[in-house]
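J.: Dumping the structure here so I can ask a few things about it.
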Amino acid sequence: MLPKPGVYYFPWEVSTGQVPDGGTLRTFGRLCLYDMPQSRVTLMAQHGSDQHQIVICTKLVEPFQAQVGSLYIVLGEFEHQKDGGSVVKARVLTCVEGMNLPLLEQAIREQRMYQQERDGSQ
């Protein structure tokens with residue numbers, strides 16, 4: 001059986017725990033740290049005046065050329081950790097540097113509105 005395709009979540013939704021445990025998600029952020037021995041990447045995103053960080057487990061996508069400061073999209077599963085933190089276990093981690101980020105955010109909002117309308121009419 002194939003894994004679920006993943007729902008788009010904004011990085012600030014992921015970092016504040018709005019994703020169900022075990023849920024498949026897609027999100028984005030700028031790579032600010034790559035800890036190769038621990039197979040961990042930290043993505044960062046700005047929302048208003050707040051900085052939001054997401055920890056990504058990269059064991060399934062290594063080796064890859066980490067470009068610190070570049071924009072990435074991740075597809076993976078969200079998991080709460082025993083220490084109270086959370087991690088996204090990446091199935092796909094793609095550098096999308098140069099992508100129009102405000103347009104992506106608008107597309108995610110539009111997709112959500114469409115899905116709510118469609119679900120409400122059934």
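Just so we're on the same page: first chain in the structure tokens is A, next is B, and so on; residues restart at 1 for each chain, and ligands are numbered from 1 in the order they show up.
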If you run DSSP over the backbone, which residues in region 35-113 of chain A end up strand (DSSP E or B)? Put them as a count of residues only.

T.: 37

J.: Residues within 12 Å of region 101-107 of chain A, please, as JSON, numbers by chain. Count only C-alpha atoms; anything in the same chain fewer than 2 positions from it doesn't count.

T.: {"A": [8, 9, 10, 11, 12, 26, 27, 28, 29, 30, 45, 46, 47, 70, 71, 72, 73, 96, 97, 98, 99, 109, 110, 111, 112, 113, 114]}

J.: Could you check the closest approach to Leu75 (chain A) for each of A:Cys57, A:Met44, A:Leu25, A:Met36 and tell me which residue wins, using only C-alpha atoms?

T.: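 For Leu75 (chain A), the nearest of the given residues is A:Leu25.
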
J.: DSSP on the backbone: what in region 5-117 of chain A comes out helix (DSSP H, G or I), as JSON, numbers by chain?

T.: {"A": [11, 12, 13, 14, 15, 101, 102, 103, 104, 105, 106, 107, 108, 109, 110, 111, 112, 113, 114, 115, 116, 117]}

J.: Which is closer to Thr58 (chain A) than all the others in A:Val14, A:Ile108, A:Leu31, A:Val88, using only C-alpha atoms?

T.: A:Val88
